[in-house]
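**Student:** Got a structure for you, work_7.pdb, holding PDB, C-alpha atoms.
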ATOM      1  CA  MET F   1      41.727  71.554  51.429
ATOM      2  CA  ARG F   2      39.745  68.345  51.449
ATOM      3  CA  LYS F   3      37.002  69.948  49.364
ATOM      4  CA  LEU F   4      39.533  71.238  46.817
ATOM      5  CA  LYS F   5      41.119  67.808  46.426
ATOM      6  CA  LEU F   6      37.774  66.157  45.960
ATOM      7  CA  GLY F   7      36.833  68.742  43.351
ATOM      8  CA  LYS F   8      39.967  68.039  41.295
ATOM      9  CA  ARG F   9      39.367  64.284  41.446
ATOM     10  CA  SER F  10      35.774  64.760  40.314
ATOM     11  CA  ALA F  11      36.931  66.950  37.453
ATOM     12  CA  ARG F  12      39.450  64.326  36.364
ATOM     13  CA  MET F  13      36.805  61.589  36.531
ATOM     14  CA  GLY F  14      34.381  63.771  34.594
ATOM     15  CA  SER F  15      36.970  64.390  31.894
ATOM     16  CA  ALA F  16      37.755  60.675  31.622
ATOM     17  CA  LEU F  17      34.059  59.897  31.433
ATOM     18  CA  ALA F  18      33.565  62.475  28.691
ATOM     19  CA  VAL F  19      36.459  61.038  26.678
ATOM     20  CA  GLY F  20      35.038  57.546  27.142
ATOM     21  CA  LEU F  21      31.652  58.693  25.941
ATOM     22  CA  LEU F  22      33.200  60.316  22.899
ATOM     23  CA  MET F  23      35.070  57.108  22.079
ATOM     24  CA  VAL F  24      31.939  54.995  22.426
ATOM     25  CA  SER F  25      29.931  57.493  20.389
ATOM     26  CA  GLY F  26      32.570  57.467  17.671
ATOM     27  CA  LEU F  27      32.618  53.646  17.542
ATOM     28  CA  THR F  28      28.859  53.486  17.346
ATOM     29  CA  ALA F  29      28.744  56.046  14.568
ATOM     30  CA  THR F  30      31.495  54.275  12.635
ATOM     31  CA  SER F  31      29.787  50.912  12.990
ATOM     32  CA  ALA F  32      26.461  52.324  11.873
ATOM     33  CA  SER F  33      27.961  54.027   8.844
ATOM     34  CA  ALA F  34      29.891  50.863   7.907
ATOM     35  CA  ALA F  35      26.868  48.580   8.165
ATOM     36  CA  PRO F  36      25.742  47.510   4.687
ATOM     37  CA  SER F  37      22.274  48.651   3.642
ATOM     38  CA  SER F  38      19.926  46.130   2.009
ATOM     39  CA  ALA F  39      17.283  48.717   1.110
ATOM     40  CA  ASN F  40      18.260  48.742  -2.567
ATOM     41  CA  ALA F  41      19.912  45.328  -2.866
ATOM     42  CA  SER F  42      18.996  43.278  -5.929
ATOM     43  CA  PRO F  43      17.415  39.848  -5.495
ATOM     44  CA  GLU F  44      19.561  36.741  -5.888
ATOM     45  CA  LEU F  45      18.644  33.379  -7.365
ATOM     46  CA  GLY F  46      20.013  30.259  -5.681
ATOM     47  CA  VAL F  47      20.569  26.749  -7.047
ATOM     48  CA  ARG F  48      21.467  23.824  -4.783
ATOM     49  CA  PHE F  49      22.802  20.841  -6.743
ATOM     50  CA  TYR F  50      24.872  17.870  -5.656
ATOM     51  CA  PRO F  51      25.235  14.128  -6.310
ATOM     52  CA  ASP F  52      24.272  11.361  -3.922
ATOM     53  CA  GLY F  53      26.106   8.628  -5.784
ATOM     54  CA  ASP F  54      28.397   8.084  -8.767
ATOM     55  CA  GLY F  55      29.336  11.405 -10.434
ATOM     56  CA  GLN F  56      26.393  12.074 -12.732
ATOM     57  CA  CYS F  57      25.768  15.665 -11.672
ATOM     58  CA  ASP F  58      28.267  18.067 -13.256
ATOM     59  CA  GLY F  59      28.432  21.766 -12.470
ATOM     60  CA  PRO F  60      28.672  23.869  -9.304
ATOM     61  CA  THR F  61      28.609  20.975  -6.853
ATOM     62  CA  ASN F  62      31.452  22.318  -4.703
ATOM     63  CA  PRO F  63      30.112  24.264  -2.986
ATOM     64  CA  PRO F  64      26.707  22.744  -3.748
ATOM     65  CA  GLU F  65      24.868  26.031  -3.142
ATOM     66  CA  ARG F  66      25.404  28.935  -5.543
ATOM     67  CA  TRP F  67      23.738  32.364  -5.590
ATOM     68  CA  VAL F  68      23.720  34.841  -8.465
ATOM     69  CA  THR F  69      22.521  38.455  -8.458
ATOM     70  CA  ALA F  70      19.647  39.233 -10.835
ATOM     71  CA  PRO F  71      19.678  39.567 -13.792
ATOM     72  CA  ASP F  72      22.781  37.370 -14.214
ATOM     73  CA  TRP F  73      22.526  33.728 -15.270
ATOM     74  CA  SER F  74      23.139  30.956 -12.786
ATOM     75  CA  THR F  75      26.078  28.677 -13.512
ATOM     76  CA  ALA F  76      24.800  25.855 -15.714
ATOM     77  CA  ILE F  77      24.330  22.474 -14.072
ATOM     78  CA  ARG F  78      24.595  19.265 -16.104
ATOM     79  CA  LEU F  79      22.264  16.324 -15.594
ATOM     80  CA  ASP F  80      23.614  12.995 -16.835
ATOM     81  CA  THR F  81      21.966  10.340 -14.698
ATOM     82  CA  ASP F  82      22.112   6.832 -16.119
ATOM     83  CA  ASN F  83      22.465   3.296 -14.798
ATOM     84  CA  ARG F  84      25.273   4.204 -12.406
ATOM     85  CA  ALA F  85      24.439   4.224  -8.726
ATOM     86  CA  GLY F  86      22.814   7.325  -7.264
ATOM     87  CA  GLY F  87      21.267  10.479  -8.651
ATOM     88  CA  CYS F  88      21.233  14.270  -8.299
ATOM     89  CA  GLN F  89      19.655  16.419  -5.581
ATOM     90  CA  LEU F  90      18.284  19.743  -6.850
ATOM     91  CA  ALA F  91      16.526  22.721  -5.228
ATOM     92  CA  PHE F  92      15.994  26.459  -5.791
ATOM     93  CA  GLY F  93      15.608  29.625  -3.722
ATOM     94  CA  ILE F  94      15.294  33.414  -4.088
ATOM     95  CA  TYR F  95      16.997  35.857  -1.708
ATOM     96  CA  ASP F  96      15.115  39.185  -1.600
ATOM     97  CA  PRO F  97      16.667  41.431   1.092
ATOM     98  CA  SER F  98      14.891  44.598  -0.096
ATOM     99  CA  ASN F  99      11.437  42.990  -0.505
ATOM    100  CA  SER F 100      11.411  44.111  -4.132
ATOM    101  CA  LEU F 101       9.563  40.937  -5.162
ATOM    102  CA  ALA F 102       6.679  41.351  -2.720
ATOM    103  CA  GLY F 103       3.603  39.514  -3.984
ATOM    104  CA  LEU F 104       5.527  37.097  -6.209
ATOM    105  CA  THR F 105       4.987  33.347  -5.855
ATOM    106  CA  ALA F 106       7.307  30.864  -7.556
ATOM    107  CA  THR F 107       7.126  27.069  -7.733
ATOM    108  CA  TYR F 108       8.926  24.151  -9.342
ATOM    109  CA  THR F 109       6.986  20.974 -10.059
ATOM    110  CA  TRP F 110       8.722  17.634 -10.529
ATOM    111  CA  GLU F 111       6.642  14.813 -11.947
ATOM    112  CA  PRO F 112       6.923  11.797 -14.214
ATOM    113  CA  GLU F 113       5.672  11.871 -17.775
ATOM    114  CA  PRO F 114       2.461   9.794 -17.899
ATOM    115  CA  GLY F 115       3.368   6.139 -18.375
ATOM    116  CA  SER F 116       6.876   6.614 -16.980
ATOM    117  CA  ASP F 117       8.558   4.782 -14.134
ATOM    118  CA  GLU F 118       7.842   7.177 -11.249
ATOM    119  CA  SER F 119      10.884   6.101  -9.242
ATOM    120  CA  GLN F 120      13.073   8.143 -11.596
ATOM    121  CA  CYS F 121      11.438  11.376 -10.357
ATOM    122  CA  GLN F 122      11.700  11.253  -6.575
ATOM    123  CA  ASN F 123      10.134  13.719  -4.120
ATOM    124  CA  GLY F 124       7.762  14.742  -6.862
ATOM    125  CA  GLY F 125       4.983  17.294  -6.770
ATOM    126  CA  ALA F 126       4.832  21.085  -6.558
ATOM    127  CA  HIS F 127       7.445  22.772  -4.374
ATOM    128  CA  SER F 128       7.616  26.432  -3.414
ATOM    129  CA  ILE F 129      10.695  28.470  -4.322
ATOM    130  CA  PRO F 130      11.046  30.429  -1.072
ATOM    131  CA  ILE F 131      11.395  34.196  -1.542
ATOM    132  CA  LYS F 132      12.948  35.399   1.713
ATOM    133  CA  PRO F 133      15.179  38.176   3.166
ATOM    134  CA  PHE F 134      17.640  35.408   4.056
ATOM    135  CA  LYS F 135      19.185  32.673   1.916
ATOM    136  CA  THR F 136      17.289  29.403   1.962
ATOM    137  CA  PHE F 137      16.100  26.731  -0.440
ATOM    138  CA  GLY F 138      12.943  24.809  -1.204
ATOM    139  CA  ASP F 139      12.617  21.051  -0.973
ATOM    140  CA  ASN F 140      15.140  18.871  -2.759
ATOM    141  CA  ILE F 141      13.946  16.902  -5.758
ATOM    142  CA  ARG F 142      15.906  13.833  -6.811
ATOM    143  CA  VAL F 143      16.808  13.224 -10.444
ATOM    144  CA  ASP F 144      17.544   9.573 -11.228
ATOM    145  CA  THR F 145      16.528   9.032 -14.845
ATOM    146  CA  ASP F 146      18.127   6.032 -16.515
ATOM    147  CA  GLY F 147      17.149   3.144 -18.774
ATOM    148  CA  ARG F 148      13.750   2.699 -17.137
ATOM    149  CA  ALA F 149      10.694   3.682 -19.133
ATOM    150  CA  GLY F 150       9.836   7.352 -19.540
ATOM    151  CA  TRP F 151      11.234  10.577 -18.150
ATOM    152  CA  CYS F 152      10.680  13.420 -15.670
ATOM    153  CA  ASN F 153       9.201  16.891 -16.233
ATOM    154  CA  LEU F 154      10.419  19.973 -14.360
ATOM    155  CA  THR F 155       7.999  22.910 -14.562
ATOM    156  CA  PHE F 156       8.649  26.484 -13.368
ATOM    157  CA  THR F 157       5.626  28.671 -12.555
ATOM    158  CA  LEU F 158       5.362  32.312 -11.424
ATOM    159  CA  SER F 159       2.268  34.145 -10.217
ATOM    160  CA  GLY F 160       1.249  37.273  -8.322
ATOM    161  CA  ARG F 161       3.418  39.660 -10.360
ATOM    162  CA  SER F 162       3.267  40.368 -14.100
ATOM    163  CA  ASP F 163       6.573  42.256 -14.276
ATOM    164  CA  VAL F 164       8.916  39.440 -13.220
ATOM    165  CA  GLY F 165      10.107  36.508 -15.312
ATOM    166  CA  LEU F 166      12.277  33.442 -14.840
ATOM    167  CA  ASP F 167      14.369  32.748 -17.953
ATOM    168  CA  VAL F 168      15.190  29.081 -18.530
ATOM    169  CA  GLN F 169      18.017  27.716 -20.671
ATOM    170  CA  PHE F 170      17.892  23.970 -21.291
ATOM    171  CA  TYR F 171      20.068  22.252 -23.892
ATOM    172  CA  GLY F 172      22.164  19.151 -24.397
ATOM    173  CA  ASP F 173      25.626  18.111 -25.434
ATOM    174  CA  GLY F 174      27.134  15.050 -27.075
ATOM    175  CA  GLY F 175      24.049  14.419 -29.199
ATOM    176  CA  ALA F 176      21.680  14.414 -26.215
ATOM    177  CA  ASP F 177      19.294  16.845 -27.953
ATOM    178  CA  ALA F 178      19.044  14.777 -31.110
ATOM    179  CA  GLY F 179      18.757  11.601 -29.048
ATOM    180  CA  GLY F 180      15.748  12.925 -27.147
ATOM    181  CA  GLN F 181      17.367  12.982 -23.717
ATOM    182  CA  CYS F 182      16.717  16.724 -23.224
ATOM    183  CA  LYS F 183      13.098  17.128 -24.213
ATOM    184  CA  ASN F 184      11.664  20.631 -24.724
ATOM    185  CA  TYR F 185      15.227  21.859 -25.195
ATOM    186  CA  ARG F 186      16.113  25.096 -26.934
ATOM    187  CA  PRO F 187      19.332  25.808 -28.846
ATOM    188  CA  LYS F 188      22.210  26.889 -26.629
ATOM    189  CA  ASP F 189      22.179  30.620 -25.729
ATOM    190  CA  THR F 190      18.422  30.857 -26.274
ATOM    191  CA  TYR F 191      15.768  30.521 -23.588
ATOM    192  CA  ASP F 192      12.100  30.393 -22.684
ATOM    193  CA  THR F 193      10.600  32.589 -19.965
ATOM    194  CA  ALA F 194       8.204  31.617 -17.204
ATOM    195  CA  TYR F 195       5.906  34.465 -16.175
ATOM    196  CA  GLU F 196       2.405  34.870 -14.810
ATOM    197  CA  GLY F 197       0.092  32.828 -17.021
ATOM    198  CA  HIS F 198       2.951  31.041 -18.821
ATOM    199  CA  SER F 199       4.901  28.205 -17.226
ATOM    200  CA  VAL F 200       8.021  26.557 -18.663
ATOM    201  CA  THR F 201       8.583  22.790 -18.645
ATOM    202  CA  VAL F 202      11.856  21.026 -19.402
ATOM    203  CA  SER F 203      12.144  17.255 -19.461
ATOM    204  CA  ASP F 204      15.066  15.040 -18.514
ATOM    205  CA  ASP F 205      15.453  11.555 -20.010
ATOM    206  CA  THR F 206      19.183  10.961 -19.647
ATOM    207  CA  ASP F 207      20.182   7.311 -19.663
ATOM    208  CA  GLY F 208      23.079   5.278 -21.001
ATOM    209  CA  ARG F 209      23.259   7.229 -24.261
ATOM    210  CA  ALA F 210      25.980   9.779 -24.885
ATOM    211  CA  GLY F 211      25.550  13.317 -23.610
ATOM    212  CA  GLY F 212      23.693  15.144 -20.883
ATOM    213  CA  CYS F 213      21.387  18.135 -20.306
ATOM    214  CA  TYR F 214      22.378  21.626 -19.107
ATOM    215  CA  LEU F 215      20.080  23.873 -17.064
ATOM    216  CA  SER F 216      20.653  27.565 -16.287
ATOM    217  CA  LEU F 217      18.221  30.144 -14.860
ATOM    218  CA  ARG F 218      17.916  33.920 -14.679
ATOM    219  CA  LEU F 219      15.558  36.097 -12.650
ATOM    220  CA  ASN F 220      14.627  39.155 -14.697
ATOM    221  CA  ARG F 221      12.309  42.146 -14.916
ATOM    222  CA  LEU F 222       9.974  42.014 -17.912
ATOM    223  CA  PHE F 223       9.250  45.761 -17.978
TER     224      PHE F 223
END
Output the structure of this file as structure tokens.
**Tutor:**
Amino acid sequence: MRKLKLGKRSARMGSALAVGLLMVSGLTATSASAAPSSANASPELGVRFYPDGDGQCDGPTNPPERWVTAPDWSTAIRLDTDNRAGGCQLAFGIYDPSNSLAGLTATYTWEPEPGSDESQCQNGGAHSIPIKPFKTFGDNIRVDTDGRAGWCNLTFTLSGRSDVGLDVQFYGDGGADAGGQCKNYRPKDTYDTAYEGHSVTVSDDTDGRAGGCYLSLRLNRLF
């Protein structure tokens, strides 16, 4: 009798264990099937833009970091630094979860026009646009152009891949184009493309004059 009772208890425990295993197996399978795959995910372009003083930096500043899936355009930011206190912090990044941009190198260079007051173009030099399987940004540059002499040049450069381009829209409002505040501008809804062997430079000279400069970017396949 003791052996029979023990056998029934073992059977019940075995059945419970089997059910438990089935439940765990089912949860694991469900979780695995529900997990998003990044194998074919498109790259995303990120722009980080926010003011560090009086509101001279219009656009997607809240939240200050915006990502857009290629080949869509980033939300335009508006640079209108003048003699008010503060300036604009600006940086870029590329999120590439599927490694579809392997081999590509991208940079943005921030530097004063020769003869300009360099303090308008802070944290200058060449900065890498990180291309990573997680969302991150390169170094901030600081835009603080005003009534001081000269202006700042922002140059986008791509290398390592001939099939990828970075489209750049840069235009003004309120007479800023005609007034020379948005140098190297193109008419609204047109753009220039940075690609291997061809960089694109836009130049900001906003000051106390009316208007400001808009910048929008798009990561795109060339062929």
**Student:** If we count only C-alpha atoms, what is near Thr193 in chain F at a cut-off of 10 Å, once residues fewer than 3 positions away on the same chain are taken out, given as a count of residues only?
**Tutor:** 17
**Student:** For a cut-off of 10 Å around (23.6, 17.3, -26.3), file coordinates, pick out all residues using all atoms listed in the file and list them as a PyMOL selection string.
**Tutor:** chain F and resi 171-182+185+187-188+210-214
**Student:** With only C-alpha atoms as the counted atoms, please give the residues lying no more than 7 Å from Cys152 in chain F, apart from itself and same-chain residues fewer than 2 positions off, as a list in words.
**Tutor:**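 Skipping anything fewer than 2 positions along the chain leaves Trp110, Glu111, Pro112, Glu113, Cys121, Leu154, Ser203, Asp204 and Asp205 of chain F.
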**Student:** Write out as a PDB file with C-alpha atoms, keeping the file's coordinate frame which residues come within 7 Å of Ile94 in chain F when counting only C-alpha atoms, dropping same-chain ones fewer than 3 positions away.
**Tutor:**
ATOM      1  CA  PRO F  43      17.415  39.848  -5.495  1.00  0.00           C
ATOM      2  CA  GLU F  44      19.561  36.741  -5.888  1.00  0.00           C
ATOM      3  CA  LEU F  45      18.644  33.379  -7.365  1.00  0.00           C
ATOM      4  CA  GLY F  46      20.013  30.259  -5.681  1.00  0.00           C
ATOM      5  CA  ILE F 129      10.695  28.470  -4.322  1.00  0.00           C
ATOM      6  CA  PRO F 130      11.046  30.429  -1.072  1.00  0.00           C
ATOM      7  CA  ILE F 131      11.395  34.196  -1.542  1.00  0.00           C
ATOM      8  CA  LYS F 132      12.948  35.399   1.713  1.00  0.00           C
TER       9      LYS F 132
END
**Student:** Give me, please, the distance in Å between CA of Phe170 in chain F and CA of Asn140 in chain F, quoted to one decimal.
**Tutor:**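 Pair CA of Phe170 in chain F / CA of Asn140 in chain F returns 19.4 Å.
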